[in-house]
Every structure is written in C-alpha cells, then in structure tokens.
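> Sending over final-v7.csv (CSV, N, CA and C atoms and all ligand atoms).
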```csv
chain,number,residue,atom,x,y,z
A,1,MET,N,92.6,140.2,182.9
A,1,MET,CA,92.9,140.3,181.5
A,1,MET,C,92.3,139.1,180.8
A,2,ARG,N,92.2,139.2,179.5
A,2,ARG,CA,91.6,138.1,178.8
A,2,ARG,C,92.2,137.9,177.5
A,3,ILE,N,92.0,136.7,176.9
A,3,ILE,CA,92.5,136.4,175.5
A,3,ILE,C,91.2,135.9,174.8
A,4,ILE,N,91.3,136.1,173.4
A,4,ILE,CA,90.2,135.8,172.6
A,4,ILE,C,90.6,134.6,171.7
A,5,VAL,N,90.0,133.5,171.8
A,5,VAL,CA,90.5,132.3,171.2
A,5,VAL,C,89.4,131.8,170.2
A,6,THR,N,89.7,131.6,169.0
A,6,THR,CA,88.8,130.9,168.0
A,6,THR,C,89.3,129.4,168.0
A,7,ASP,N,88.3,128.5,168.3
A,7,ASP,CA,88.7,127.1,168.3
A,7,ASP,C,88.7,126.5,166.9
A,8,GLN,N,89.0,125.2,166.8
A,8,GLN,CA,89.1,124.5,165.5
A,8,GLN,C,87.7,124.4,164.8
A,9,ASN,N,86.6,124.7,165.5
A,9,ASN,CA,85.3,124.7,164.8
A,9,ASN,C,84.8,126.1,164.5
A,10,GLY,N,85.7,127.1,164.7
A,10,GLY,CA,85.3,128.5,164.4
A,10,GLY,C,84.6,129.2,165.5
A,11,VAL,N,84.4,128.6,166.6
A,11,VAL,CA,83.7,129.2,167.8
A,11,VAL,C,84.7,130.1,168.5
A,12,VAL,N,84.2,131.3,168.8
A,12,VAL,CA,85.1,132.3,169.5
A,12,VAL,C,84.8,132.3,171.0
A,13,HIS,N,85.9,132.2,171.8
A,13,HIS,CA,85.8,132.2,173.3
A,13,HIS,C,86.6,133.3,173.9
A,14,GLU,N,86.0,134.0,174.9
A,14,GLU,CA,86.8,135.0,175.6
A,14,GLU,C,87.2,134.3,176.9
A,15,LEU,N,88.5,134.2,177.1
A,15,LEU,CA,89.0,133.5,178.3
A,15,LEU,C,89.7,134.4,179.3
A,16,GLU,N,89.3,134.3,180.5
A,16,GLU,CA,90.0,135.1,181.6
A,16,GLU,C,91.4,134.5,181.7
A,17,ALA,N,92.4,135.4,181.8
A,17,ALA,CA,93.8,134.9,181.9
A,17,ALA,C,94.5,135.6,183.0
A,18,LEU,N,95.5,134.9,183.6
A,18,LEU,CA,96.2,135.5,184.7
A,18,LEU,C,97.7,135.8,184.3
A,19,GLU,N,98.2,136.9,184.8
A,19,GLU,CA,99.6,137.3,184.6
A,19,GLU,C,100.5,136.1,184.9
A,20,GLY,N,101.5,135.9,184.0
A,20,GLY,CA,102.5,134.9,184.2
A,20,GLY,C,102.2,133.5,183.8
A,21,TRP,N,100.9,133.3,183.4
A,21,TRP,CA,100.5,132.0,182.9
A,21,TRP,C,100.9,131.9,181.5
A,22,ARG,N,101.2,130.6,181.1
A,22,ARG,CA,101.4,130.4,179.7
A,22,ARG,C,100.1,130.4,179.0
A,23,VAL,N,100.0,131.0,177.8
A,23,VAL,CA,98.8,131.0,177.0
A,23,VAL,C,98.2,129.6,176.9
A,24,MET,N,99.1,128.6,176.6
A,24,MET,CA,98.6,127.2,176.5
A,24,MET,C,97.9,126.8,177.8
A,25,GLU,N,98.4,127.2,179.0
A,25,GLU,CA,97.7,126.8,180.2
A,25,GLU,C,96.3,127.4,180.3
A,26,VAL,N,96.2,128.6,179.9
A,26,VAL,CA,94.9,129.3,179.9
A,26,VAL,C,93.9,128.5,179.1
A,27,ILE,N,94.3,128.2,177.8
A,27,ILE,CA,93.5,127.5,176.9
A,27,ILE,C,93.1,126.2,177.4
A,28,ARG,N,94.1,125.4,178.0
A,28,ARG,CA,93.8,124.1,178.5
A,28,ARG,C,92.9,124.1,179.7
A,29,ASP,N,93.2,125.0,180.6
A,29,ASP,CA,92.4,125.1,181.8
A,29,ASP,C,90.9,125.5,181.6
A,30,TRP,N,90.7,126.2,180.5
A,30,TRP,CA,89.3,126.5,180.2
A,30,TRP,C,88.6,125.4,179.4
A,31,GLY,N,89.4,124.3,179.2
A,31,GLY,CA,88.8,123.2,178.5
A,31,GLY,C,88.6,123.2,177.0
A,32,LEU,N,89.4,124.1,176.4
A,32,LEU,CA,89.3,124.1,174.9
A,32,LEU,C,90.2,123.0,174.4
A,33,ASN,N,90.1,122.7,173.1
A,33,ASN,CA,90.7,121.6,172.5
A,33,ASN,C,92.2,121.8,172.2
A,34,ILE,N,93.1,121.5,173.1
A,34,ILE,CA,94.5,121.7,172.9
A,34,ILE,C,95.2,120.5,173.5
A,35,ARG,N,96.1,119.9,172.7
A,35,ARG,CA,96.8,118.6,173.2
A,35,ARG,C,97.9,119.0,174.2
A,36,ALA,N,98.8,119.9,173.9
A,36,ALA,CA,99.9,120.3,174.8
A,36,ALA,C,100.5,119.1,175.5
A,37,GLU,N,100.9,118.1,174.7
A,37,GLU,CA,101.4,116.9,175.2
A,37,GLU,C,102.6,117.0,176.2
A,38,CYS,N,103.5,117.9,175.9
A,38,CYS,CA,104.7,117.9,176.7
A,38,CYS,C,104.5,118.8,178.0
A,39,GLY,N,103.4,119.4,178.1
A,39,GLY,CA,103.1,120.2,179.3
A,39,GLY,C,103.8,121.6,179.3
A,40,GLY,N,104.4,122.0,178.2
A,40,GLY,CA,104.9,123.3,178.1
A,40,GLY,C,106.4,123.4,178.0
A,41,SER,N,107.1,122.3,177.7
A,41,SER,CA,108.5,122.4,177.6
A,41,SER,C,109.1,122.5,176.2
A,42,CYS,N,108.2,123.0,175.3
A,42,CYS,CA,108.7,123.3,173.9
A,42,CYS,C,109.2,122.0,173.2
A,43,ALA,N,108.6,120.9,173.5
A,43,ALA,CA,109.1,119.6,173.0
A,43,ALA,C,108.1,118.8,172.2
A,44,CYS,N,106.9,119.4,171.9
A,44,CYS,CA,105.9,118.5,171.2
A,44,CYS,C,105.2,119.2,170.1
A,45,ALA,N,105.1,120.6,170.1
A,45,ALA,CA,104.4,121.4,169.1
A,45,ALA,C,102.9,121.1,169.0
A,46,THR,N,102.3,120.4,170.0
A,46,THR,CA,100.9,120.2,170.0
A,46,THR,C,100.1,121.3,170.7
A,47,CYS,N,100.7,122.4,170.9
A,47,CYS,CA,100.0,123.6,171.5
A,47,CYS,C,100.1,124.7,170.4
A,48,HIS,N,100.1,124.3,169.2
A,48,HIS,CA,100.2,125.2,168.0
A,48,HIS,C,99.0,126.1,167.9
A,49,ILE,N,99.3,127.4,167.7
A,49,ILE,CA,98.2,128.4,167.5
A,49,ILE,C,98.6,129.3,166.4
A,50,PHE,N,97.6,130.0,165.8
A,50,PHE,CA,97.9,131.1,164.9
A,50,PHE,C,97.6,132.4,165.5
A,51,VAL,N,98.5,133.3,165.6
A,51,VAL,CA,98.3,134.6,166.2
A,51,VAL,C,97.7,135.6,165.2
A,52,ASP,N,96.7,136.4,165.7
A,52,ASP,CA,96.1,137.4,164.8
A,52,ASP,C,97.2,138.4,164.3
A,53,ALA,N,97.1,138.8,163.1
A,53,ALA,CA,98.1,139.7,162.5
A,53,ALA,C,98.4,140.9,163.3
A,54,GLU,N,97.4,141.5,163.9
A,54,GLU,CA,97.6,142.8,164.7
A,54,GLU,C,98.4,142.5,165.9
A,55,TRP,N,98.6,141.3,166.4
A,55,TRP,CA,99.3,140.9,167.6
A,55,TRP,C,100.7,140.4,167.3
A,56,GLN,N,100.9,140.0,166.1
A,56,GLN,CA,102.2,139.3,165.8
A,56,GLN,C,103.4,140.0,166.3
A,57,ASP,N,103.5,141.3,166.0
A,57,ASP,CA,104.7,142.0,166.4
A,57,ASP,C,104.8,142.4,167.8
A,58,ARG,N,103.7,142.1,168.6
A,58,ARG,CA,103.7,142.6,170.0
A,58,ARG,C,104.1,141.4,170.9
A,59,LEU,N,104.4,140.3,170.3
A,59,LEU,CA,104.9,139.1,171.1
A,59,LEU,C,106.4,139.1,171.1
A,60,ASN,N,107.0,138.5,172.1
A,60,ASN,CA,108.4,138.2,172.0
A,60,ASN,C,108.7,137.3,170.9
A,61,PRO,N,109.7,137.5,170.1
A,61,PRO,CA,109.9,136.6,168.9
A,61,PRO,C,110.2,135.2,169.4
A,62,PRO,N,109.9,134.2,168.6
A,62,PRO,CA,110.2,132.8,169.0
A,62,PRO,C,111.7,132.5,169.1
A,63,THR,N,112.0,131.6,170.1
A,63,THR,CA,113.4,131.2,170.2
A,63,THR,C,113.7,130.2,169.1
A,64,ASP,N,115.0,129.9,168.9
A,64,ASP,CA,115.4,128.9,167.9
A,64,ASP,C,114.7,127.5,168.2
A,65,GLU,N,114.6,127.2,169.4
A,65,GLU,CA,113.9,125.9,169.8
A,65,GLU,C,112.5,125.9,169.3
A,66,GLU,N,111.8,127.0,169.6
A,66,GLU,CA,110.4,127.1,169.1
A,66,GLU,C,110.3,127.0,167.6
A,67,GLU,N,111.2,127.8,166.9
A,67,GLU,CA,111.2,127.7,165.4
A,67,GLU,C,111.4,126.3,165.0
A,68,ASP,N,112.3,125.6,165.6
A,68,ASP,CA,112.6,124.2,165.2
A,68,ASP,C,111.4,123.3,165.3
A,69,MET,N,110.7,123.5,166.4
A,69,MET,CA,109.5,122.7,166.7
A,69,MET,C,108.4,123.0,165.7
A,70,LEU,N,108.2,124.3,165.4
A,70,LEU,CA,107.2,124.8,164.5
A,70,LEU,C,107.4,124.2,163.1
A,71,ASP,N,108.7,124.1,162.7
A,71,ASP,CA,109.1,123.5,161.4
A,71,ASP,C,108.7,122.1,161.2
A,72,THR,N,108.4,121.4,162.3
A,72,THR,CA,108.0,120.0,162.2
A,72,THR,C,106.5,119.8,161.9
A,73,LEU,N,105.7,120.9,161.9
A,73,LEU,CA,104.3,120.9,161.7
A,73,LEU,C,103.8,120.9,160.3
A,74,PRO,N,102.8,120.1,160.0
A,74,PRO,CA,102.3,120.1,158.6
A,74,PRO,C,101.6,121.4,158.2
A,75,ASP,N,101.0,122.1,159.3
A,75,ASP,CA,100.1,123.2,159.0
A,75,ASP,C,100.8,124.6,159.5
A,76,VAL,N,102.1,124.6,159.5
A,76,VAL,CA,102.8,125.8,159.9
A,76,VAL,C,102.5,127.0,159.0
A,77,GLU,N,102.3,128.2,159.5
A,77,GLU,CA,102.2,129.4,158.8
A,77,GLU,C,103.1,130.5,159.4
A,78,THR,N,103.2,131.7,158.7
A,78,THR,CA,104.1,132.7,159.2
A,78,THR,C,103.6,133.3,160.5
A,79,ASN,N,102.3,133.1,160.9
A,79,ASN,CA,101.9,133.6,162.2
A,79,ASN,C,101.7,132.4,163.2
A,80,SER,N,102.4,131.3,162.9
A,80,SER,CA,102.3,130.2,163.9
A,80,SER,C,103.2,130.5,165.1
A,81,ARG,N,102.7,130.0,166.2
A,81,ARG,CA,103.5,130.1,167.5
A,81,ARG,C,103.1,128.9,168.3
A,82,LEU,N,104.0,128.6,169.3
A,82,LEU,CA,103.6,127.6,170.3
A,82,LEU,C,103.1,128.3,171.5
A,83,SER,N,101.8,128.0,171.9
A,83,SER,CA,101.2,128.8,172.9
A,83,SER,C,101.8,128.6,174.3
A,84,CYS,N,102.6,127.5,174.5
A,84,CYS,CA,103.3,127.4,175.8
A,84,CYS,C,104.5,128.3,175.9
A,85,GLN,N,104.9,128.9,174.8
A,85,GLN,CA,106.1,129.8,174.8
A,85,GLN,C,105.7,131.3,174.9
A,86,ILE,N,104.4,131.5,175.2
A,86,ILE,CA,103.9,132.9,175.3
A,86,ILE,C,103.4,133.1,176.7
A,87,LEU,N,104.0,134.0,177.5
A,87,LEU,CA,103.6,134.2,178.9
A,87,LEU,C,102.6,135.4,178.9
A,88,MET,N,101.6,135.3,179.7
A,88,MET,CA,100.6,136.4,179.8
A,88,MET,C,101.2,137.5,180.6
A,89,SER,N,100.9,138.7,180.1
A,89,SER,CA,101.3,140.0,180.8
A,89,SER,C,100.2,141.0,180.4
A,90,GLU,N,100.2,142.1,181.1
A,90,GLU,CA,99.3,143.2,180.8
A,90,GLU,C,99.3,143.6,179.3
A,91,ASP,N,100.5,143.5,178.7
A,91,ASP,CA,100.6,143.9,177.3
A,91,ASP,C,99.8,143.1,176.4
A,92,LEU,N,99.5,141.9,176.8
A,92,LEU,CA,98.9,140.9,176.0
A,92,LEU,C,97.4,140.8,176.3
A,93,ASP,N,96.9,141.7,177.1
A,93,ASP,CA,95.4,141.7,177.4
A,93,ASP,C,94.7,141.9,176.1
A,94,GLY,N,93.8,141.0,175.7
A,94,GLY,CA,93.0,141.1,174.5
A,94,GLY,C,93.6,140.3,173.3
A,95,LEU,N,94.7,139.6,173.6
A,95,LEU,CA,95.4,138.8,172.5
A,95,LEU,C,94.4,137.9,171.8
A,96,LYS,N,94.5,137.9,170.5
A,96,LYS,CA,93.6,137.1,169.6
A,96,LYS,C,94.4,136.0,168.9
A,97,LEU,N,93.9,134.8,169.0
A,97,LEU,CA,94.5,133.7,168.3
A,97,LEU,C,93.5,132.7,167.9
A,98,THR,N,94.0,131.7,167.1
A,98,THR,CA,93.2,130.6,166.6
A,98,THR,C,93.9,129.3,166.9
A,99,LEU,N,93.2,128.3,167.3
A,99,LEU,CA,93.8,127.0,167.6
A,99,LEU,C,94.0,126.3,166.3
A,100,ALA,N,95.2,125.7,166.1
A,100,ALA,CA,95.5,125.0,164.9
A,100,ALA,C,95.0,123.6,164.9
A,101,GLU,N,94.7,123.1,163.7
A,101,GLU,CA,94.2,121.7,163.6
A,101,GLU,C,95.2,120.7,164.2
A,102,SER,N,96.5,121.0,164.1
A,102,SER,CA,97.5,120.1,164.6
A,102,SER,C,97.5,120.1,166.1
A,103,ALA,N,96.8,121.0,166.8
A,103,ALA,CA,96.8,121.0,168.3
A,103,ALA,C,95.6,120.2,168.8
A,104,ARG,N,94.7,119.8,167.9
A,104,ARG,CA,93.5,119.1,168.3
A,104,ARG,C,93.8,117.8,169.0
A,105,GLN,N,93.0,117.5,170.0
A,105,GLN,CA,93.1,116.2,170.7
A,105,GLN,C,92.5,115.1,169.9
A,106,GLU,N,93.1,113.9,169.9
A,106,GLU,CA,92.5,112.8,169.2
A,106,GLU,C,91.1,112.6,169.9
A,107,GLU,N,90.1,112.2,169.0
A,107,GLU,CA,88.8,111.8,169.5
A,107,GLU,C,89.0,110.6,170.4
A,108,ALA,N,88.2,110.5,171.5
A,108,ALA,CA,88.3,109.3,172.3
A,108,ALA,C,87.8,108.1,171.5
A,109,ALA,N,88.4,107.0,171.5
A,109,ALA,CA,88.0,105.8,170.7
A,109,ALA,C,86.8,105.1,171.3
B,201,LIG,S1,103.0,122.1,175.1
B,201,LIG,FE1,104.5,121.0,174.1
B,201,LIG,S2,105.5,122.5,172.9
B,201,LIG,FE2,104.0,123.6,173.9
```
Mind converting the file's structure to structure tokens?
Ligand code: FES

Amino acid sequence: MRIIVTDQNGVVHELEALEGWRVMEVIRDWGLNIRAECGGSCACATCHIFVDAEWQDRLNPPTDEEEDMLDTLPDVETNSRLSCQILMSEDLDGLKLTLAESARQEEAA
C-alpha cells in the first residue's frame, strides 16, 4: 500500500507504507521533512499534516489529546491531524496528505 505526500515545497511523493505503521513513521523513514520530536507519543505536534478532503471522514476521529495538541499550532486547519496518531491499514491505501510548515525541521546551522 502507499500514501501520497505533498511536502512543504509542493513536491508530491508516493511512499510505500506498511500495515500497522504510523503515517508519521512512513514519512520520516522515507526521509521527508518532518520533525516528529516526541517520536509518536502525541506530545509535540511537530508531525502536523493536512489530510486531503476526500480522506478526512475515512480516518478515525482525533482523540481529545490529539485535538489539544493541534490547538497549540499556529497553522491549524479543519483538516489538520497529527500523523503519528494515524495507523496504516488497507483502508488507507492511497491516503493523500500535505506536510504542514510547522512540521518542518529546523535548517542545520
Ligand atoms: S510525533 Fe510528536 S505528536 Fe506526533
């Protein structure tokens, strides 16, 4: 299965994904620009993505913890999610999303 990710520069990537992996891990392991500071424990919000409209209702709704973290972001939108809180499954084959500016890694000094 795969996911389709638009990065912060507007470049589209098709990434091979494995069942049970967090979407954040797929993005990170393919080397795209995602900070994911807390490593997936819903504690940093630096794995922020925007989910394509057609996919929004097909994901499990965010937990209160995820909502609270999203509310701390400057660029939150109605289709914002934390990618570490979305687990890959067959149902999500073809998931389309865009990496948020707030997930970008700091440039190396
Ligand atoms: S990686 Fe920290 S909240 Fe997702």
> Looking at A:Arg104, A:Arg2, A:Lys96, A:Arg35, which one is nearest to ligand LIG 201 (chain B), with distances taken over all atoms listed in the file?
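Distance minimum relative to ligand LIG 201 (chain B) lands on A:Arg35.
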> Go through the chains and note each residue within 6.5 Å of ligand LIG 201 (chain B), using all atoms listed in the file, then give the set as a PyMOL selection string.
chain A and resi 35-48+82-85
> Of the candidates A:Glu106, A:Glu65, A:Glu19, A:Glu54, which shows the shortest atom-to-atom distance to Glu90 in chain A, using all atoms listed in the file?
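Smallest distance to Glu90 in chain A is found for A:Glu19.
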> Measuring between all atoms listed in the file, which one of A:Glu16, A:Asp71, A:Asp91, A:Asn79 shows the shortest distance to Ile4 in chain A?
A:Glu16
> Separation of CA of Ala100 in chain A and CA of Glu14 in chain A, in Å?
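Those two atoms sit 17.0 Å apart.
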> Using only C-alpha atoms, can you list as number ranges by chain the residues within 12 Å of (104.2, 141.2, 169.5)?
A: 51-62, 79, 81, 86-89, 91-93, 95-96
> At what distance in Å, to one decimal, does atom C of Ile27 in chain A lie from CA of Thr78 in chain A?
22.2 Å
> In Å to one decimal, how far is CA of Thr63 in chain A from CA of Glu25 in chain A?
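The value is 19.1 Å.
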